[in-house]
Amino acid sequence: MKKVFFGLFAILTCFIFASCSSNPTKTLESLTEEIENGDNFSVKEVYNMEIKATKAQIKFYESDPTEEEYEDFKDALKEFNKSQWGLLGKLDKEAIKEAEKMDDKELKELQKELKKVKKEFDKKWSKKQKDE
């Protein structure tokens, strides 16, 4: 019983840190930890994690990071993406069918914004690297 309680507490803590964190890298790290330590996620939980991760990426790409912050972010994003593949294995067939029926309009809009912001960031970052 203690293990179950501790596990739930750890997941709740990750949710709190992920939602309160103003640091996009920390948000991705918290989401990764949540995925790796969790089990039996609902489709809605997975969708909400994807929304948080996408918003964190947008926030990062809108910032003016240092080289170290950028490297930390890239590492956190890479680990998050790996954990997402593991997450797919934790969803049953019914959850996947439910996901296909979901209205993911908000996520699609955020992904469009992310693509645009990342493109602008890449241009600025390249210019910044050439100037140094």
# chains A, B, ... in the order shown; residues from 1 in each chain; ligands from 1
call {"tool": "select_by_dssp", "arguments": {"residues": "stretch 29-132 of chain A", "states": "alpha helix (DSSP H)", "output": "PyMOL selection string"}}
result
chain A and resi 29-37+43-61+67-88+93-101+105-131
call {"tool": "residues_around", "arguments": {"residues": "stretch 100-110 of chain A", "least_positions_apart": "6", "cutoff": "8 Å", "atoms": "only C-alpha atoms", "output": "JSON, numbers by chain"}}
result
{"A": [50, 51, 54, 55]}
call {"tool": "residues_around", "arguments": {"residues": "A:Gly89", "least_positions_apart": "6", "cutoff": "12 Å", "atoms": "only C-alpha atoms", "output": "PyMOL selection string"}}
result
chain A and resi 35-36+39-41+82-83+95-96
call {"tool": "atom_distance", "arguments": {"atom1": "atom CA of A:Glu113", "atom2": "atom CA of A:Glu132"}}
result
28.5 Å
call {"tool": "closest_residue", "arguments": {"among": "A:Val43, A:Tyr61, A:Pro24, A:Val117", "to": "A:Lys93", "atoms": "only C-alpha atoms"}}
result
A:Val43
call {"tool": "closest_residue", "arguments": {"among": "A:Leu91, A:Trp125, A:Lys130, A:Thr25", "to": "A:Asp75", "atoms": "only C-alpha atoms"}}
result
A:Thr25
call {"tool": "residues_around", "arguments": {"residues": "A:Leu31", "least_positions_apart": "2", "cutoff": "9 Å", "atoms": "only C-alpha atoms", "output": "MDAnalysis selection string"}}
result
chainID A and resid 14:15 18 26:29 33:36 49 52:53 80 83
